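Below is query.pdb, which holds PDB, C-alpha atoms.
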```pdb
ATOM      1  CA  MET H 853      97.852 108.032 107.681
ATOM      2  CA  ASP H 854      95.239 107.544 110.388
ATOM      3  CA  GLN H 855      91.967 106.187 109.081
ATOM      4  CA  LYS H 856      89.017 105.258 111.257
ATOM      5  CA  LEU H 857      87.234 102.073 110.283
ATOM      6  CA  TYR H 858      84.602 100.259 112.274
ATOM      7  CA  PHE H 859      85.110  96.626 113.238
ATOM      8  CA  GLU H 860      81.573  95.627 112.299
ATOM      9  CA  ASP H 861      82.167  96.953 108.759
ATOM     10  CA  LEU H 862      84.980  94.451 108.157
ATOM     11  CA  PRO H 863      84.209  91.141 106.436
ATOM     12  CA  GLY H 864      83.093  88.510 108.969
ATOM     13  CA  GLU H 865      86.051  86.213 108.366
ATOM     14  CA  LEU H 866      88.507  89.071 108.931
ATOM     15  CA  GLN H 867      86.662  90.044 112.135
ATOM     16  CA  ASN H 868      87.070  86.486 113.422
ATOM     17  CA  VAL H 869      90.797  86.387 112.650
ATOM     18  CA  LEU H 870      91.472  89.758 114.281
ATOM     19  CA  ARG H 871      89.309  88.959 117.314
ATOM     20  CA  VAL H 872      91.322  85.787 117.998
ATOM     21  CA  GLN H 873      94.799  87.023 117.112
ATOM     22  CA  LEU H 874      94.810  90.615 118.405
ATOM     23  CA  ARG H 875      94.106  90.331 122.119
ATOM     24  CA  GLN H 876      96.563  92.836 123.627
ATOM     25  CA  PRO H 877      98.922  95.633 122.540
ATOM     26  CA  GLY H 878     101.854  94.315 120.532
ATOM     27  CA  ASP H 879     100.023  91.258 119.162
ATOM     28  CA  VAL H 880     100.663  90.655 115.454
ATOM     29  CA  SER H 881      98.190  88.968 113.134
ATOM     30  CA  ALA H 882      99.048  86.252 110.685
ATOM     31  CA  VAL H 883      99.662  87.413 107.125
ATOM     32  CA  ILE H 884      96.213  87.625 105.559
ATOM     33  CA  GLU H 885      95.969  87.005 101.826
ATOM     34  CA  THR H 886      93.295  88.748  99.780
ATOM     35  CA  PRO H 887      92.698  88.594  96.026
ATOM     36  CA  GLY H 888      94.638  91.846  95.574
ATOM     37  CA  GLY H 889      97.410  91.573  98.140
ATOM     38  CA  PHE H 890      98.568  90.751 101.635
ATOM     39  CA  MET H 891      97.668  92.408 104.966
ATOM     40  CA  LEU H 892      99.266  92.368 108.410
ATOM     41  CA  TYR H 893      97.971  94.016 111.603
ATOM     42  CA  VAL H 894      99.622  94.961 114.912
ATOM     43  CA  THR H 895      97.563  95.894 117.972
ATOM     44  CA  LYS H 896      98.307  99.407 119.213
ATOM     45  CA  GLU H 897      95.606  99.534 121.888
ATOM     46  CA  LYS H 898      92.689  97.353 122.931
ATOM     47  CA  THR H 899      89.859  98.156 125.320
ATOM     48  CA  ASP H 900      86.372  96.706 125.776
ATOM     49  CA  ALA H 901      85.069  99.396 123.415
ATOM     50  CA  ALA H 902      87.845  99.806 120.838
ATOM     51  CA  LEU H 903      90.622  98.075 118.973
ATOM     52  CA  SER H 904      93.345 100.301 117.536
ATOM     53  CA  VAL H 905      95.739  98.717 115.056
ATOM     54  CA  ALA H 906      98.509  99.600 112.657
ATOM     55  CA  GLY H 907      98.135  97.861 109.334
ATOM     56  CA  LEU H 908     100.381  97.038 106.428
ATOM     57  CA  SER H 909      98.976  96.245 103.006
ATOM     58  CA  LEU H 910     101.146  95.012 100.143
ATOM     59  CA  PRO H 911      99.771  94.519  96.633
ATOM     60  CA  LYS H 912     100.275  91.254  94.799
ATOM     61  CA  ARG H 913     102.396  91.136  91.683
ATOM     62  CA  SER H 914     101.205  89.136  88.741
ATOM     63  CA  TYR H 915     103.251  86.177  87.593
ATOM     64  CA  GLU H 916     104.251  88.187  84.514
ATOM     65  CA  GLN H 917     105.533  91.068  86.691
ATOM     66  CA  TRP H 918     107.497  88.679  88.868
ATOM     67  CA  LEU H 919     108.988  86.912  85.832
ATOM     68  CA  GLU H 920     110.004  90.217  84.267
ATOM     69  CA  GLU H 921     111.740  91.268  87.501
ATOM     70  CA  GLN H 922     113.686  88.004  87.531
ATOM     71  CA  SER H 923     115.030  88.569  84.023
ATOM     72  CA  GLU H 924     115.958  92.181  84.914
ATOM     73  CA  ASN H 925     118.028  90.985  87.891
ATOM     74  CA  LYS H 926     120.150  88.517  85.905
ATOM     75  CA  PRO H 927     123.672  89.664  84.982
TER      76      PRO H 927
END
```
Encoding of this model in structure tokens:
Amino acid sequence: MDQKLYFEDLPGELQNVLRVQLRQPGDVSAVIETPGGFMLYVTKEKTDAALSVAGLSLPKRSYEQWLEEQSENKP
């Protein structure tokens, strides 16, 4: 799903991380942890005027969810 977001609308700390880590096509950001999950970005295209990225967002599981999954996987 293509969604257009504007760089200046991102939180300042996230702008700084992306500015440093995504300098050319193919660059991959570090895994970024947020209160609700984890994010990862890959540069698709970068020009003086635009930065195009593909992003992956994974939600966090609570400790209780993780613990329940562990007991479900035991023989």
For Ala906 in chain H, the nearest of the candidates H:Val869, H:Tyr858, H:Leu919, H:Leu892, counting only C-alpha atoms: H:Leu892
Output the residue selection produced by the PyMOL selection byres ((chain H and resi 909) around 8) on the file above, formatted as a list in words.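 Matching residues under the PyMOL selection byres ((chain H and resi 909) around 8) are Gly889, Phe890, Met891, Leu892, Gly907, Leu908, Leu910 and Pro911 of chain H.
Relative to CA of Gln876 in chain H, CA of Glu897 in chain H is found at 7.0 Å.
Atom to atom, CA of Arg875 in chain H and CA of Leu862 in chain H stand 17.2 Å apart.
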Calculated over only C-alpha atoms, which of the candidates H:Trp918, H:Ile884, H:Pro877, H:Phe859 has the smallest distance to Ala901 in chain H? H:Phe859
Test item: axis-aligned box, all listed atoms of range 907-920 of chain H, 8 Å on each side, centre and edges in Å rounded to one decimal, as JSON:
```
{"center_x": 104.1, "center_y": 92.0, "center_z": 96.8, "size_x": 27.9, "size_y": 27.7, "size_z": 41.1}
```
If the PyMOL selection byres ((chain H and resi 874) around 9) were run on this exact file, what residues would it hold? Put them as an mmCIF file with C-alpha atoms, in the coordinates of the input.
```cif
data_model
loop_
_atom_site.group_PDB
_atom_site.id
_atom_site.type_symbol
_atom_site.label_atom_id
_atom_site.label_comp_id
_atom_site.auth_asym_id
_atom_site.auth_seq_id
_atom_site.Cartn_x
_atom_site.Cartn_y
_atom_site.Cartn_z
ATOM 1 C CA VAL H 869 90.797 86.387 112.650
ATOM 2 C CA LEU H 870 91.472 89.758 114.281
ATOM 3 C CA ARG H 871 89.309 88.959 117.314
ATOM 4 C CA VAL H 872 91.322 85.787 117.998
ATOM 5 C CA GLN H 873 94.799 87.023 117.112
ATOM 6 C CA ARG H 875 94.106 90.331 122.119
ATOM 7 C CA GLN H 876 96.563 92.836 123.627
ATOM 8 C CA PRO H 877 98.922 95.633 122.540
ATOM 9 C CA GLY H 878 101.854 94.315 120.532
ATOM 10 C CA ASP H 879 100.023 91.258 119.162
ATOM 11 C CA VAL H 880 100.663 90.655 115.454
ATOM 12 C CA SER H 881 98.190 88.968 113.134
ATOM 13 C CA TYR H 893 97.971 94.016 111.603
ATOM 14 C CA VAL H 894 99.622 94.961 114.912
ATOM 15 C CA THR H 895 97.563 95.894 117.972
ATOM 16 C CA LYS H 898 92.689 97.353 122.931
ATOM 17 C CA LEU H 903 90.622 98.075 118.973
ATOM 18 C CA VAL H 905 95.739 98.717 115.056
#
```
Quote the spacing between CA of Val883 in chain H and CA of Lys926 in chain H in Å to one decimal place.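 CA of Lys926 in chain H lies 29.5 Å from CA of Val883 in chain H.
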For Pro887 in chain H, which residue among H:Gly864, H:Ser923, H:Lys856, H:Ser914 is the nearest when counting all atoms listed in the file?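 Closest residue, counting all atoms listed in the file: H:Ser914.
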Complete range 864-875 of chain H at the level of all heavy atoms, written as a short mmCIF file (atom, residue, chain, number, x, y, z; two decimals), in the frame of the given file.
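And here is the file that came out, rebuild31.cif:
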```cif
data_model
loop_
_atom_site.label_atom_id
_atom_site.label_comp_id
_atom_site.auth_asym_id
_atom_site.auth_seq_id
_atom_site.Cartn_x
_atom_site.Cartn_y
_atom_site.Cartn_z
N GLY H 864 83.23 89.39 107.81
CA GLY H 864 83.09 88.51 108.97
C GLY H 864 84.30 87.64 109.24
O GLY H 864 84.73 87.48 110.39
N GLU H 865 84.89 87.08 108.19
CA GLU H 865 86.05 86.21 108.37
C GLU H 865 87.24 87.00 108.92
O GLU H 865 87.96 86.53 109.80
CB GLU H 865 86.41 85.56 107.04
CG GLU H 865 87.44 84.47 107.16
CD GLU H 865 87.65 83.73 105.85
OE1 GLU H 865 86.69 83.58 105.07
OE2 GLU H 865 88.78 83.29 105.63
N LEU H 866 87.42 88.22 108.43
CA LEU H 866 88.51 89.07 108.93
C LEU H 866 88.25 89.46 110.39
O LEU H 866 89.17 89.46 111.21
CB LEU H 866 88.68 90.31 108.06
CG LEU H 866 89.79 91.28 108.45
CD1 LEU H 866 91.14 90.59 108.51
CD2 LEU H 866 89.83 92.46 107.49
N GLN H 867 87.00 89.75 110.74
CA GLN H 867 86.66 90.04 112.14
C GLN H 867 87.06 88.88 113.04
O GLN H 867 87.65 89.09 114.10
CB GLN H 867 85.16 90.28 112.28
CG GLN H 867 84.67 91.60 111.76
CD GLN H 867 83.19 91.78 112.00
OE1 GLN H 867 82.64 91.27 112.99
NE2 GLN H 867 82.51 92.48 111.11
N ASN H 868 86.74 87.66 112.61
CA ASN H 868 87.07 86.49 113.42
C ASN H 868 88.57 86.34 113.62
O ASN H 868 89.03 86.07 114.73
CB ASN H 868 86.50 85.22 112.78
CG ASN H 868 84.99 85.18 112.84
OD1 ASN H 868 84.37 85.83 113.67
ND2 ASN H 868 84.39 84.44 111.93
N VAL H 869 89.34 86.52 112.56
CA VAL H 869 90.80 86.39 112.65
C VAL H 869 91.36 87.44 113.60
O VAL H 869 92.15 87.13 114.50
CB VAL H 869 91.45 86.51 111.25
CG1 VAL H 869 92.96 86.67 111.36
CG2 VAL H 869 91.10 85.31 110.39
N LEU H 870 90.95 88.68 113.43
CA LEU H 870 91.47 89.76 114.28
C LEU H 870 91.03 89.59 115.74
O LEU H 870 91.81 89.85 116.66
CB LEU H 870 91.05 91.12 113.73
CG LEU H 870 91.57 91.46 112.33
CD1 LEU H 870 91.09 92.84 111.91
CD2 LEU H 870 93.08 91.35 112.25
N ARG H 871 89.82 89.15 115.95
CA ARG H 871 89.31 88.96 117.31
C ARG H 871 90.16 87.92 118.07
O ARG H 871 90.48 88.09 119.23
CB ARG H 871 87.85 88.51 117.27
CG ARG H 871 87.19 88.44 118.62
CD ARG H 871 85.72 88.04 118.52
NE ARG H 871 84.92 89.09 117.91
CZ ARG H 871 84.31 88.98 116.71
NH1 ARG H 871 84.40 87.87 116.01
NH2 ARG H 871 83.60 89.97 116.23
N VAL H 872 90.55 86.87 117.38
CA VAL H 872 91.32 85.79 118.00
C VAL H 872 92.80 86.15 118.14
O VAL H 872 93.42 85.86 119.15
CB VAL H 872 91.17 84.49 117.16
CG1 VAL H 872 92.15 83.43 117.61
CG2 VAL H 872 89.75 83.96 117.25
N GLN H 873 93.36 86.81 117.14
CA GLN H 873 94.80 87.02 117.11
C GLN H 873 95.26 88.32 117.77
O GLN H 873 96.42 88.42 118.16
CB GLN H 873 95.30 86.97 115.67
CG GLN H 873 95.11 85.60 115.06
CD GLN H 873 95.66 85.51 113.66
OE1 GLN H 873 96.18 86.45 113.09
NE2 GLN H 873 95.53 84.33 113.08
N LEU H 874 94.41 89.32 117.85
CA LEU H 874 94.81 90.62 118.40
C LEU H 874 94.14 90.84 119.75
O LEU H 874 93.13 91.52 119.86
CB LEU H 874 94.47 91.74 117.42
CG LEU H 874 95.07 91.60 116.02
CD1 LEU H 874 94.66 92.78 115.15
CD2 LEU H 874 96.58 91.45 116.07
N ARG H 875 94.71 90.29 120.79
CA ARG H 875 94.11 90.33 122.12
C ARG H 875 94.69 91.40 123.04
O ARG H 875 94.06 91.82 123.98
CB ARG H 875 94.24 88.97 122.79
CG ARG H 875 93.45 87.90 122.04
CD ARG H 875 93.66 86.55 122.67
NE ARG H 875 92.91 85.56 121.93
CZ ARG H 875 91.96 84.82 122.47
NH1 ARG H 875 91.65 84.92 123.73
NH2 ARG H 875 91.32 83.95 121.72
#
```
